[in-house]
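Dumped run.txt below, it's compact mmCIF, C-alpha atoms and all ligand atoms:
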```txt
# COMPACT_ATOMS: atom_id res chain seq x y z
CA MET A 1 -13.09 -15.34 2.81
CA GLY A 2 -13.68 -13.09 -0.15
CA MET A 3 -12.70 -9.47 -0.29
CA ARG A 4 -13.81 -6.26 1.30
CA PHE A 5 -13.48 -2.87 -0.22
CA SER A 6 -13.86 0.72 0.90
CA ILE A 7 -13.23 3.95 -0.97
CA LEU A 8 -11.36 6.22 1.46
CA GLY A 9 -11.92 9.29 -0.67
CA SER A 10 -12.58 10.24 -4.26
CA GLY A 11 -12.35 13.36 -6.44
CA SER A 12 -9.76 15.97 -7.30
CA ALA A 13 -8.92 16.47 -3.59
CA GLY A 14 -7.61 12.90 -3.45
CA ASN A 15 -8.31 9.31 -4.39
CA SER A 16 -7.56 6.14 -2.47
CA ALA A 17 -9.31 2.87 -1.71
CA LEU A 18 -8.64 -0.07 0.59
CA LEU A 19 -9.03 -3.62 -0.70
CA GLN A 20 -8.45 -6.49 1.65
CA THR A 21 -8.63 -10.25 1.97
CA ASP A 22 -8.00 -12.33 5.10
CA ASN A 23 -4.27 -12.11 4.45
CA THR A 24 -3.64 -8.97 2.44
CA ARG A 25 -4.37 -5.26 2.67
CA VAL A 26 -3.66 -3.00 -0.27
CA LEU A 27 -4.45 0.53 -1.32
CA VAL A 28 -5.38 1.47 -4.85
CA ASP A 29 -3.82 4.93 -5.23
CA ALA A 30 -2.64 7.14 -2.37
CA GLY A 31 -3.83 10.63 -3.22
CA PHE A 32 -3.87 11.94 0.34
CA SER A 33 -1.03 12.84 2.70
CA ALA A 34 0.21 9.91 4.78
CA LYS A 35 -1.26 11.59 7.85
CA LYS A 36 -4.67 11.91 6.23
CA LEU A 37 -4.51 8.33 4.91
CA ALA A 38 -3.70 7.11 8.41
CA GLY A 39 -6.75 8.99 9.74
CA LEU A 40 -9.07 7.67 7.03
CA LEU A 41 -7.89 4.10 7.68
CA GLU A 42 -8.26 4.53 11.42
CA ALA A 43 -11.90 5.54 10.92
CA LEU A 44 -12.38 2.09 9.36
CA GLY A 45 -10.56 0.34 12.21
CA GLU A 46 -7.43 -0.18 10.09
CA LYS A 47 -3.86 1.09 10.29
CA LEU A 48 -1.51 2.49 7.67
CA GLU A 49 1.26 0.34 9.23
CA SER A 50 -0.73 -2.76 8.28
CA ILE A 51 -0.98 -1.91 4.58
CA ASP A 52 1.07 -4.37 2.50
CA ALA A 53 1.18 -2.53 -0.80
CA ILE A 54 -0.04 0.39 -2.87
CA PHE A 55 -0.95 0.04 -6.54
CA LEU A 56 -0.68 3.34 -8.39
CA THR A 57 -2.68 4.22 -11.49
CA HIS A 58 -0.69 7.34 -12.48
CA GLU A 59 1.44 10.16 -11.11
CA HIS A 60 -1.15 12.94 -10.66
CA GLY A 61 -1.18 14.39 -7.15
CA ASP A 62 -4.78 13.39 -6.46
CA HIS A 63 -3.61 9.75 -6.81
CA ALA A 64 -0.06 9.79 -5.48
CA ALA A 65 0.36 12.71 -3.06
CA GLY A 66 0.79 10.32 -0.13
CA LEU A 67 4.09 8.91 -1.35
CA SER A 68 6.29 11.65 0.12
CA GLY A 69 5.05 10.83 3.63
CA LEU A 70 5.48 7.09 3.22
CA ALA A 71 9.23 7.17 3.91
CA ARG A 72 8.18 6.38 7.49
CA TYR A 73 6.43 3.21 6.31
CA PRO A 74 9.19 1.23 4.56
CA ASN A 75 7.22 -2.02 4.74
CA ILE A 76 4.60 -0.82 2.29
CA ARG A 77 5.54 -1.99 -1.19
CA VAL A 78 4.78 0.45 -3.98
CA PHE A 79 3.72 -0.85 -7.40
CA ALA A 80 3.63 1.26 -10.57
CA ASN A 81 4.71 0.97 -14.19
CA HIS A 82 8.09 2.33 -15.21
CA ALA A 83 6.92 5.70 -16.58
CA THR A 84 4.77 6.42 -13.53
CA SER A 85 7.49 5.41 -11.06
CA HIS A 86 10.03 7.53 -12.93
CA ALA A 87 7.76 10.59 -12.94
CA LEU A 88 7.02 10.23 -9.22
CA GLN A 89 10.55 9.42 -8.07
CA ALA A 90 11.83 12.67 -9.63
CA GLY A 91 9.72 14.67 -7.17
CA LEU A 92 10.54 12.67 -4.02
CA LYS A 93 13.26 13.22 -1.41
CA HIS A 94 13.44 9.54 -0.43
CA ARG A 95 14.23 6.67 -2.75
CA ILE A 96 11.35 4.20 -3.18
CA PRO A 97 12.29 0.56 -3.90
CA TRP A 98 9.74 0.41 -6.72
CA ASN A 99 7.94 -2.75 -7.72
CA VAL A 100 7.64 -2.09 -11.43
CA PHE A 101 5.02 -3.83 -13.55
CA GLU A 102 4.49 -3.67 -17.26
CA THR A 103 1.23 -2.11 -18.42
CA GLY A 104 -1.02 -4.86 -19.75
CA SER A 105 0.64 -7.57 -17.67
CA THR A 106 -0.76 -9.61 -14.79
CA PHE A 107 1.22 -10.23 -11.62
CA ARG A 108 0.55 -11.89 -8.28
CA PHE A 109 0.87 -10.09 -5.00
CA ARG A 110 0.27 -12.52 -2.12
CA ASP A 111 -3.29 -13.82 -2.64
CA LEU A 112 -4.21 -11.21 -5.25
CA GLU A 113 -3.91 -11.37 -9.02
CA VAL A 114 -3.41 -7.87 -10.39
CA SER A 115 -3.89 -6.94 -14.04
CA SER A 116 -3.23 -3.46 -15.35
CA PHE A 117 -4.55 -1.99 -18.56
CA ALA A 118 -3.78 1.29 -20.34
CA VAL A 119 -6.28 4.15 -20.18
CA PRO A 120 -6.30 7.37 -22.26
CA HIS A 121 -5.49 10.23 -19.85
CA ASP A 122 -3.02 13.11 -19.82
CA ALA A 123 -0.37 11.40 -17.67
CA GLN A 124 2.85 9.49 -18.49
CA GLU A 125 1.38 5.96 -18.67
CA PRO A 126 -1.94 5.84 -16.79
CA VAL A 127 -3.62 2.51 -16.07
CA GLY A 128 -6.72 0.93 -14.64
CA PHE A 129 -6.65 -2.26 -12.57
CA LEU A 130 -8.53 -5.52 -12.43
CA ILE A 131 -7.74 -7.19 -9.10
CA ALA A 132 -8.91 -10.75 -8.48
CA HIS A 133 -8.87 -13.06 -5.50
CA GLY A 134 -9.85 -16.71 -5.04
CA GLU A 135 -9.93 -19.76 -7.25
CA ASP A 136 -12.70 -20.92 -9.48
CA ASP A 137 -14.18 -23.32 -6.95
CA LEU A 138 -17.10 -23.39 -4.55
CA LEU A 139 -15.05 -22.91 -1.39
CA SER A 140 -13.36 -19.77 -2.59
CA PRO A 141 -15.10 -18.42 -5.68
CA ARG A 142 -13.04 -16.02 -7.71
CA GLN A 143 -14.06 -12.39 -7.25
CA SER A 144 -12.67 -9.31 -8.87
CA LEU A 145 -12.69 -5.55 -8.65
CA ALA A 146 -12.12 -3.18 -11.57
CA TRP A 147 -10.77 0.31 -10.89
CA LEU A 148 -11.36 2.75 -13.73
CA THR A 149 -10.91 6.46 -13.12
CA ASP A 150 -9.08 9.23 -15.00
CA LEU A 151 -9.77 8.45 -18.63
CA GLY A 152 -11.04 10.64 -21.44
CA HIS A 153 -12.82 7.82 -23.25
CA ALA A 154 -13.15 4.06 -22.94
CA PRO A 155 -11.46 2.07 -25.72
CA GLN A 156 -12.54 -1.50 -26.54
CA HIS A 157 -9.87 -3.22 -24.40
CA VAL A 158 -11.07 -1.26 -21.35
CA ARG A 159 -14.66 -2.36 -21.99
CA GLU A 160 -13.55 -5.98 -22.16
CA ARG A 161 -11.64 -5.78 -18.86
CA ILE A 162 -14.47 -4.26 -16.86
CA ARG A 163 -16.92 -6.92 -18.04
CA GLU A 164 -14.89 -9.43 -15.97
CA ALA A 165 -15.42 -7.54 -12.71
CA ASP A 166 -17.87 -8.30 -9.90
CA VAL A 167 -17.40 -4.85 -8.41
CA LEU A 168 -16.64 -1.87 -10.57
CA VAL A 169 -15.39 1.61 -9.75
CA VAL A 170 -15.93 3.93 -12.68
CA GLU A 171 -15.41 7.62 -13.10
CA ALA A 172 -18.37 9.99 -13.60
CA ASN A 173 -16.34 13.19 -13.46
CA HIS A 174 -18.41 16.03 -14.80
CA CYS A 175 -21.69 17.17 -16.20
CA PRO A 176 -20.78 18.74 -19.59
CA GLN A 177 -23.29 21.59 -19.15
CA MET A 178 -21.95 22.43 -15.68
CA LEU A 179 -18.39 22.28 -17.00
CA GLN A 180 -19.23 24.71 -19.83
CA ALA A 181 -21.00 27.07 -17.41
CA ASP A 182 -18.17 27.00 -14.83
CA THR A 183 -16.53 30.39 -14.35
CA LYS A 184 -13.47 29.27 -12.31
CA ARG A 185 -11.75 27.27 -15.03
CA PRO A 186 -10.14 28.80 -18.12
CA TRP A 187 -11.20 27.50 -21.52
CA SER A 188 -7.99 25.47 -21.95
CA VAL A 189 -8.62 23.53 -18.73
CA LYS A 190 -12.21 22.82 -19.75
CA GLN A 191 -10.91 21.51 -23.08
CA ARG A 192 -8.46 19.24 -21.27
CA ILE A 193 -11.06 17.85 -18.84
CA GLY A 194 -13.63 17.20 -21.57
CA GLY A 195 -11.07 15.96 -24.12
CA ARG A 196 -10.08 12.49 -25.30
CA HIS A 197 -7.35 12.30 -22.63
CA GLY A 198 -9.26 14.00 -19.84
CA HIS A 199 -12.08 12.61 -17.73
CA LEU A 200 -15.33 10.71 -18.36
CA SER A 201 -18.49 12.81 -18.25
CA ASN A 202 -21.71 11.49 -16.72
CA GLU A 203 -23.00 10.79 -20.22
CA ALA A 204 -19.81 8.91 -21.14
CA ALA A 205 -20.12 6.85 -17.94
CA ARG A 206 -23.73 6.04 -18.80
CA GLU A 207 -22.79 5.03 -22.35
CA LEU A 208 -20.01 2.81 -20.99
CA LEU A 209 -22.29 1.14 -18.44
CA SER A 210 -25.00 0.61 -21.08
CA SER A 211 -22.76 -0.83 -23.75
CA ALA A 212 -20.12 -2.78 -21.79
CA THR A 213 -22.88 -4.30 -19.63
CA SER A 214 -21.98 -7.49 -17.83
CA PRO A 215 -24.18 -9.93 -15.89
CA ARG A 216 -21.23 -10.34 -13.48
CA TRP A 217 -21.54 -6.84 -12.06
CA ARG A 218 -22.87 -6.84 -8.51
CA HIS A 219 -22.12 -3.29 -7.52
CA VAL A 220 -20.89 -0.19 -9.33
CA PHE A 221 -19.31 2.76 -7.54
CA LEU A 222 -19.51 6.00 -9.52
CA ALA A 223 -16.56 8.06 -8.39
CA HIS A 224 -14.08 10.90 -9.01
CA LEU A 225 -16.92 13.46 -9.22
CA SER A 226 -15.92 17.07 -9.77
CA ARG A 227 -16.96 19.22 -6.83
CA ASP A 228 -17.79 22.28 -8.98
CA CYS A 229 -18.88 20.72 -12.25
CA ASN A 230 -21.01 17.78 -11.13
CA SER A 231 -23.44 16.66 -8.46
CA PRO A 232 -24.32 13.24 -7.05
CA THR A 233 -27.91 13.79 -8.25
CA ALA A 234 -26.78 14.45 -11.82
CA VAL A 235 -24.67 11.25 -11.77
CA GLU A 236 -27.52 9.21 -10.35
CA THR A 237 -29.94 10.54 -12.96
CA ALA A 238 -27.51 9.72 -15.77
CA CYS A 239 -26.49 6.24 -14.63
CA ARG A 240 -29.52 4.81 -12.83
CA ALA A 241 -31.29 3.35 -15.86
CA PRO A 242 -28.56 1.06 -17.26
CA LEU A 243 -27.74 -0.30 -13.79
CA ALA A 244 -31.38 -0.81 -12.76
CA ALA A 245 -31.88 -2.84 -15.94
CA LEU A 246 -29.07 -5.13 -14.78
CA ASP A 247 -30.32 -5.50 -11.22
CA CYS A 248 -26.91 -4.19 -10.15
CA GLY A 249 -26.44 -2.11 -7.00
CA PHE A 250 -24.72 1.23 -7.26
CA SER A 251 -23.36 4.02 -5.10
CA VAL A 252 -22.49 7.54 -6.10
CA VAL A 253 -19.40 8.60 -4.16
CA ALA A 254 -19.72 12.31 -3.35
CA PRO A 255 -16.52 14.37 -3.71
CA GLY A 256 -14.44 14.14 -0.56
CA ALA A 257 -16.58 11.34 0.90
CA GLY A 258 -15.71 7.69 1.41
CA THR A 259 -17.79 4.53 1.45
CA PRO A 260 -18.42 1.90 4.12
CA PHE A 261 -16.98 -1.58 3.56
CA PHE A 262 -18.50 -3.55 0.73
CA ASN A 263 -18.04 -7.32 1.12
CA PHE A 264 -17.90 -9.60 -1.87
ZN ZN B 1 -7.63 12.00 -10.73
ZN ZN B 2 -5.31 12.13 -13.40
```

How would this structure read if it were set down as structure tokens?
Ligand SMILES: [Zn+2]
Ligand SMILES: [Zn+2]
Amino acid sequence: MGMRFSILGSGSAGNSALLQTDNTRVLVDAGFSAKKLAGLLEALGEKLESIDAIFLTHEHGDHAAGLSGLARYPNIRVFANHATSHALQAGLKHRIPWNVFETGSTFRFRDLEVSSFAVPHDAQEPVGFLIAHGEDDLLSPRQSLAWLTDLGHAPQHVRERIREADVLVVEANHCPQMLQADTKRPWSVKQRIGGRHGHLSNEAARELLSSATSPRWRHVFLAHLSRDCNSPTAVETACRAPLAALDCGFSVVAPGAGTPFFNF
């Protein structure tokens, strides 16, 4: 019944999450080595061998690094749009039998309905996902999860999609002041991160949560935090007010950390 969801890890060191129903287990992104993914799943009592599919948002290593090690797991189906699959295949030694979707389309995978939507980010054709399960009836009420990381700003169509979600994962990547003060990153990288095709700041996440507000939201995970240019406290301070007003639960996912299962 319903779905359960756990973020295996989040941030520039790697992003991946497990979403499962009674019959289906999928990963959203696979930004860790296959060995590390197997270990993270094992800690949850799950196995990489039992994963049915991976849905990829874009080709950056922190979302897709696991693909090279998945040659040993031919039963896992890999879904991506054409541009993302093309970019990734070029760097792989083994040939993946890609399941290609069109950005903006909705497809079924087993008992899941998966919609992708374009996001502005400096990759070939990055997307977010809205993944739904169940029918609109009392026995199996429809539930959905929105996955929204790696975007420089949130256009109107993105705001509309996330309003449909019961559970929302949204990026709160950096604190602009900490990013400006950072001494490790050259100016050009700071420009890229803070730009229109970079990553959402804490303030941008707060603005999004305040203005796209939906009574459907039951829990919001704030994720993809920068280790050097953000802190869980800064994210919580920025985003607490709009979510408290909604009576919506929230978790800040510290860089490198995962989350326990959330059932919905
Ligand atoms: Zn990323
Ligand atoms: Zn990215």

Would you mind reading off the distance between CA of Ala13 (chain A) and atom ZN of ligand ZN 1 (chain B), one decimal, in Å?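 Atom ZN of ligand ZN 1 (chain B) lies 8.5 Å from CA of Ala13 (chain A).
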
For Ala64 (chain A), find every residue with an atom within 12 Å (counting all atoms listed in the file), except residues of its own chain fewer than 3 positions away, and show them as a PyMOL selection string. chain A and resi 12-16+27-34+37+54-61+67-70+78-80+84-85+87-89+91-92

Write out as JSON lines the residues of chain A that have any atom within 8 Å of an atom of ligand ZN 2 (chain B), one row each with the nearest atom pair and its distance in Å to one decimal, counting all atoms listed in the file, sorted by chain and then rising number.
```
{"residue": "A:His58", "atom": "CA", "partner": "B:ZN2", "partner_atom": "ZN", "distance": 6.7}
{"residue": "A:Glu59", "atom": "CA", "partner": "B:ZN2", "partner_atom": "ZN", "distance": 7.4}
{"residue": "A:His60", "atom": "CA", "partner": "B:ZN2", "partner_atom": "ZN", "distance": 5.0}
{"residue": "A:Gly61", "atom": "CA", "partner": "B:ZN2", "partner_atom": "ZN", "distance": 7.8}
{"residue": "A:Asp62", "atom": "CA", "partner": "B:ZN2", "partner_atom": "ZN", "distance": 7.1}
{"residue": "A:His63", "atom": "CA", "partner": "B:ZN2", "partner_atom": "ZN", "distance": 7.2}
{"residue": "A:His121", "atom": "CA", "partner": "B:ZN2", "partner_atom": "ZN", "distance": 6.7}
{"residue": "A:Asp122", "atom": "CA", "partner": "B:ZN2", "partner_atom": "ZN", "distance": 6.9}
{"residue": "A:Ala123", "atom": "CA", "partner": "B:ZN2", "partner_atom": "ZN", "distance": 6.6}
{"residue": "A:Pro126", "atom": "CA", "partner": "B:ZN2", "partner_atom": "ZN", "distance": 7.9}
{"residue": "A:Thr149", "atom": "CA", "partner": "B:ZN2", "partner_atom": "ZN", "distance": 8.0}
{"residue": "A:Asp150", "atom": "CA", "partner": "B:ZN2", "partner_atom": "ZN", "distance": 5.0}
{"residue": "A:Leu151", "atom": "CA", "partner": "B:ZN2", "partner_atom": "ZN", "distance": 7.8}
{"residue": "A:Gly198", "atom": "CA", "partner": "B:ZN2", "partner_atom": "ZN", "distance": 7.8}
```

For CA of Val170 (chain A) and CA of Pro97 (chain A), quote the distance in Å rounded to one decimal.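 Going from CA of Val170 (chain A) over to CA of Pro97 (chain A) covers 29.7 Å.
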
In Å to one decimal, how far is CA of Gly194 (chain A) from CA of Val220 (chain A)? 22.5 Å

Which residue gives the smallest distance to Leu8 (chain A) among A:Gly104, A:Gly152, A:Pro215, A:Gly39, with all atoms listed in the file counted? A:Gly39

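Here the question is which of A:Asp228, A:Glu171, A:Glu113, A:Glu207 gets nearest to ligand ZN 1 (chain B) using all atoms listed in the file, and that residue is A:Glu171.
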
Hey, which of A:Ala234, A:Val127, A:Ala241, A:Ala204 ends up closest to ligand ZN 1 (chain B)? Count only C-alpha atoms and all ligand atoms.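 Among the listed residues, A:Val127 lies closest to ligand ZN 1 (chain B).
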
Using all atoms listed in the file, which residue out of A:Pro141, A:Pro255, A:Gly249, A:Pro155 lies closest to ligand ZN 1 (chain B)? A:Pro255

Have a look at A:Ile76, A:Leu222, A:Val253, A:Ala71 and name the one nearest to Ala146 (chain A); count all atoms listed in the file. A:Leu222

Counting all atoms listed in the file, figure out which residue out of A:Gly134, A:Phe5, A:His197, A:Gln20 gets nearest to ligand ZN 1 (chain B).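 Result for the nearest residue to ligand ZN 1 (chain B): A:His197.
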
I'd like the neighbourhood of Phe261 (chain A) as a list in words, where a residue qualifies if any of its atoms comes within 10 Å (using only C-alpha atoms), though same-chain residues fewer than 6 positions away should be ignored.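 Everything that qualifies: Met3, Arg4, Phe5, Ser6, Ile7, Leu8, Leu18, Leu19 and Leu44 of chain A.
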
For Ser210 (chain A), work out the shell of residues within 10 Å, counting all atoms listed in the file and skipping chain neighbours fewer than 4 positions away, then give it as a PyMOL selection string. chain A and resi 204-206+214+239+241-243+245-246

Because the input lacks atoms here, generate all heavy atoms for region 49-60 of chain A and report them as a PDB file, keeping the file's coordinate frame.
```
ATOM      1  N   GLU A  49       0.139   1.283   9.003  1.00  0.00           N
ATOM      2  CA  GLU A  49       1.260   0.340   9.230  1.00  0.00           C
ATOM      3  C   GLU A  49       0.934  -1.058   8.713  1.00  0.00           C
ATOM      4  O   GLU A  49       1.830  -1.821   8.389  1.00  0.00           O
ATOM      5  CB  GLU A  49       1.567   0.205  10.729  1.00  0.00           C
ATOM      6  CG  GLU A  49       2.174   1.408  11.383  1.00  0.00           C
ATOM      7  CD  GLU A  49       1.126   2.390  11.885  1.00  0.00           C
ATOM      8  OE1 GLU A  49      -0.005   2.410  11.335  1.00  0.00           O
ATOM      9  OE2 GLU A  49       1.437   3.157  12.811  1.00  0.00           O
ATOM     10  N   SER A  50      -0.346  -1.403   8.674  1.00  0.00           N
ATOM     11  CA  SER A  50      -0.730  -2.760   8.280  1.00  0.00           C
ATOM     12  C   SER A  50      -0.947  -2.920   6.782  1.00  0.00           C
ATOM     13  O   SER A  50      -1.269  -4.005   6.308  1.00  0.00           O
ATOM     14  CB  SER A  50      -2.032  -3.165   8.984  1.00  0.00           C
ATOM     15  OG  SER A  50      -1.955  -2.876  10.348  1.00  0.00           O
ATOM     16  N   ILE A  51      -0.799  -1.820   6.036  1.00  0.00           N
ATOM     17  CA  ILE A  51      -0.980  -1.910   4.580  1.00  0.00           C
ATOM     18  C   ILE A  51       0.243  -2.618   3.980  1.00  0.00           C
ATOM     19  O   ILE A  51       1.387  -2.297   4.298  1.00  0.00           O
ATOM     20  CB  ILE A  51      -1.153  -0.500   3.973  1.00  0.00           C
ATOM     21  CG1 ILE A  51      -2.412   0.166   4.516  1.00  0.00           C
ATOM     22  CG2 ILE A  51      -1.180  -0.564   2.446  1.00  0.00           C
ATOM     23  CD1 ILE A  51      -3.720  -0.531   4.205  1.00  0.00           C
ATOM     24  N   ASP A  52      -0.022  -3.597   3.110  1.00  0.00           N
ATOM     25  CA  ASP A  52       1.070  -4.370   2.500  1.00  0.00           C
ATOM     26  C   ASP A  52       1.611  -3.720   1.237  1.00  0.00           C
ATOM     27  O   ASP A  52       2.797  -3.835   0.932  1.00  0.00           O
ATOM     28  CB  ASP A  52       0.574  -5.780   2.159  1.00  0.00           C
ATOM     29  CG  ASP A  52       0.094  -6.514   3.394  1.00  0.00           C
ATOM     30  OD1 ASP A  52       0.896  -6.650   4.336  1.00  0.00           O
ATOM     31  OD2 ASP A  52      -1.085  -6.937   3.426  1.00  0.00           O
ATOM     32  N   ALA A  53       0.726  -3.080   0.480  1.00  0.00           N
ATOM     33  CA  ALA A  53       1.180  -2.530  -0.800  1.00  0.00           C
ATOM     34  C   ALA A  53       0.238  -1.450  -1.290  1.00  0.00           C
ATOM     35  O   ALA A  53      -0.919  -1.365  -0.858  1.00  0.00           O
ATOM     36  CB  ALA A  53       1.240  -3.648  -1.856  1.00  0.00           C
ATOM     37  N   ILE A  54       0.766  -0.626  -2.183  1.00  0.00           N
ATOM     38  CA  ILE A  54      -0.040   0.390  -2.870  1.00  0.00           C
ATOM     39  C   ILE A  54       0.124   0.167  -4.375  1.00  0.00           C
ATOM     40  O   ILE A  54       1.251   0.023  -4.863  1.00  0.00           O
ATOM     41  CB  ILE A  54       0.431   1.807  -2.503  1.00  0.00           C
ATOM     42  CG1 ILE A  54       0.240   2.054  -1.002  1.00  0.00           C
ATOM     43  CG2 ILE A  54      -0.329   2.856  -3.306  1.00  0.00           C
ATOM     44  CD1 ILE A  54       0.810   3.374  -0.517  1.00  0.00           C
ATOM     45  N   PHE A  55      -0.976   0.135  -5.082  1.00  0.00           N
ATOM     46  CA  PHE A  55      -0.950   0.040  -6.540  1.00  0.00           C
ATOM     47  C   PHE A  55      -1.345   1.401  -7.102  1.00  0.00           C
ATOM     48  O   PHE A  55      -2.429   1.899  -6.812  1.00  0.00           O
ATOM     49  CB  PHE A  55      -1.935  -1.023  -7.042  1.00  0.00           C
ATOM     50  CG  PHE A  55      -1.714  -2.395  -6.449  1.00  0.00           C
ATOM     51  CD1 PHE A  55      -2.788  -3.171  -6.055  1.00  0.00           C
ATOM     52  CD2 PHE A  55      -0.437  -2.908  -6.289  1.00  0.00           C
ATOM     53  CE1 PHE A  55      -2.598  -4.435  -5.508  1.00  0.00           C
ATOM     54  CE2 PHE A  55      -0.232  -4.169  -5.740  1.00  0.00           C
ATOM     55  CZ  PHE A  55      -1.310  -4.933  -5.348  1.00  0.00           C
ATOM     56  N   LEU A  56      -0.450   1.978  -7.886  1.00  0.00           N
ATOM     57  CA  LEU A  56      -0.680   3.340  -8.390  1.00  0.00           C
ATOM     58  C   LEU A  56      -1.148   3.340  -9.842  1.00  0.00           C
ATOM     59  O   LEU A  56      -0.553   2.658 -10.692  1.00  0.00           O
ATOM     60  CB  LEU A  56       0.606   4.165  -8.277  1.00  0.00           C
ATOM     61  CG  LEU A  56       1.087   4.436  -6.838  1.00  0.00           C
ATOM     62  CD1 LEU A  56       2.481   5.054  -6.862  1.00  0.00           C
ATOM     63  CD2 LEU A  56       0.112   5.349  -6.108  1.00  0.00           C
ATOM     64  N   THR A  57      -2.180   4.138 -10.112  1.00  0.00           N
ATOM     65  CA  THR A  57      -2.680   4.220 -11.490  1.00  0.00           C
ATOM     66  C   THR A  57      -1.861   5.196 -12.337  1.00  0.00           C
ATOM     67  O   THR A  57      -1.601   4.951 -13.508  1.00  0.00           O
ATOM     68  CB  THR A  57      -4.142   4.694 -11.523  1.00  0.00           C
ATOM     69  OG1 THR A  57      -4.243   5.961 -10.839  1.00  0.00           O
ATOM     70  CG2 THR A  57      -5.062   3.687 -10.839  1.00  0.00           C
ATOM     71  N   HIS A  58      -1.484   6.339 -11.747  1.00  0.00           N
ATOM     72  CA  HIS A  58      -0.690   7.340 -12.480  1.00  0.00           C
ATOM     73  C   HIS A  58      -0.153   8.375 -11.493  1.00  0.00           C
ATOM     74  O   HIS A  58      -0.454   8.303 -10.296  1.00  0.00           O
ATOM     75  CB  HIS A  58      -1.490   7.979 -13.619  1.00  0.00           C
ATOM     76  CG  HIS A  58      -2.701   8.777 -13.210  1.00  0.00           C
ATOM     77  ND1 HIS A  58      -3.738   8.250 -12.473  1.00  0.00           N
ATOM     78  CD2 HIS A  58      -3.040  10.076 -13.441  1.00  0.00           C
ATOM     79  CE1 HIS A  58      -4.660   9.186 -12.282  1.00  0.00           C
ATOM     80  NE2 HIS A  58      -4.260  10.304 -12.843  1.00  0.00           N
ATOM     81  N   GLU A  59       0.648   9.303 -11.985  1.00  0.00           N
ATOM     82  CA  GLU A  59       1.440  10.160 -11.110  1.00  0.00           C
ATOM     83  C   GLU A  59       0.725  11.428 -10.633  1.00  0.00           C
ATOM     84  O   GLU A  59       1.294  12.191  -9.853  1.00  0.00           O
ATOM     85  CB  GLU A  59       2.761  10.547 -11.800  1.00  0.00           C
ATOM     86  CG  GLU A  59       2.655  11.544 -12.953  1.00  0.00           C
ATOM     87  CD  GLU A  59       2.319  10.892 -14.280  1.00  0.00           C
ATOM     88  OE1 GLU A  59       1.845   9.733 -14.292  1.00  0.00           O
ATOM     89  OE2 GLU A  59       2.517  11.559 -15.325  1.00  0.00           O
ATOM     90  N   HIS A  60      -0.488  11.700 -11.088  1.00  0.00           N
ATOM     91  CA  HIS A  60      -1.150  12.940 -10.660  1.00  0.00           C
ATOM     92  C   HIS A  60      -1.309  12.977  -9.140  1.00  0.00           C
ATOM     93  O   HIS A  60      -1.552  11.949  -8.503  1.00  0.00           O
ATOM     94  CB  HIS A  60      -2.516  13.083 -11.347  1.00  0.00           C
ATOM     95  CG  HIS A  60      -2.395  13.408 -12.807  1.00  0.00           C
ATOM     96  ND1 HIS A  60      -3.429  13.270 -13.699  1.00  0.00           N
ATOM     97  CD2 HIS A  60      -1.327  13.862 -13.533  1.00  0.00           C
ATOM     98  CE1 HIS A  60      -3.015  13.635 -14.906  1.00  0.00           C
ATOM     99  NE2 HIS A  60      -1.742  13.991 -14.838  1.00  0.00           N
TER     100      HIS A  60
END
```
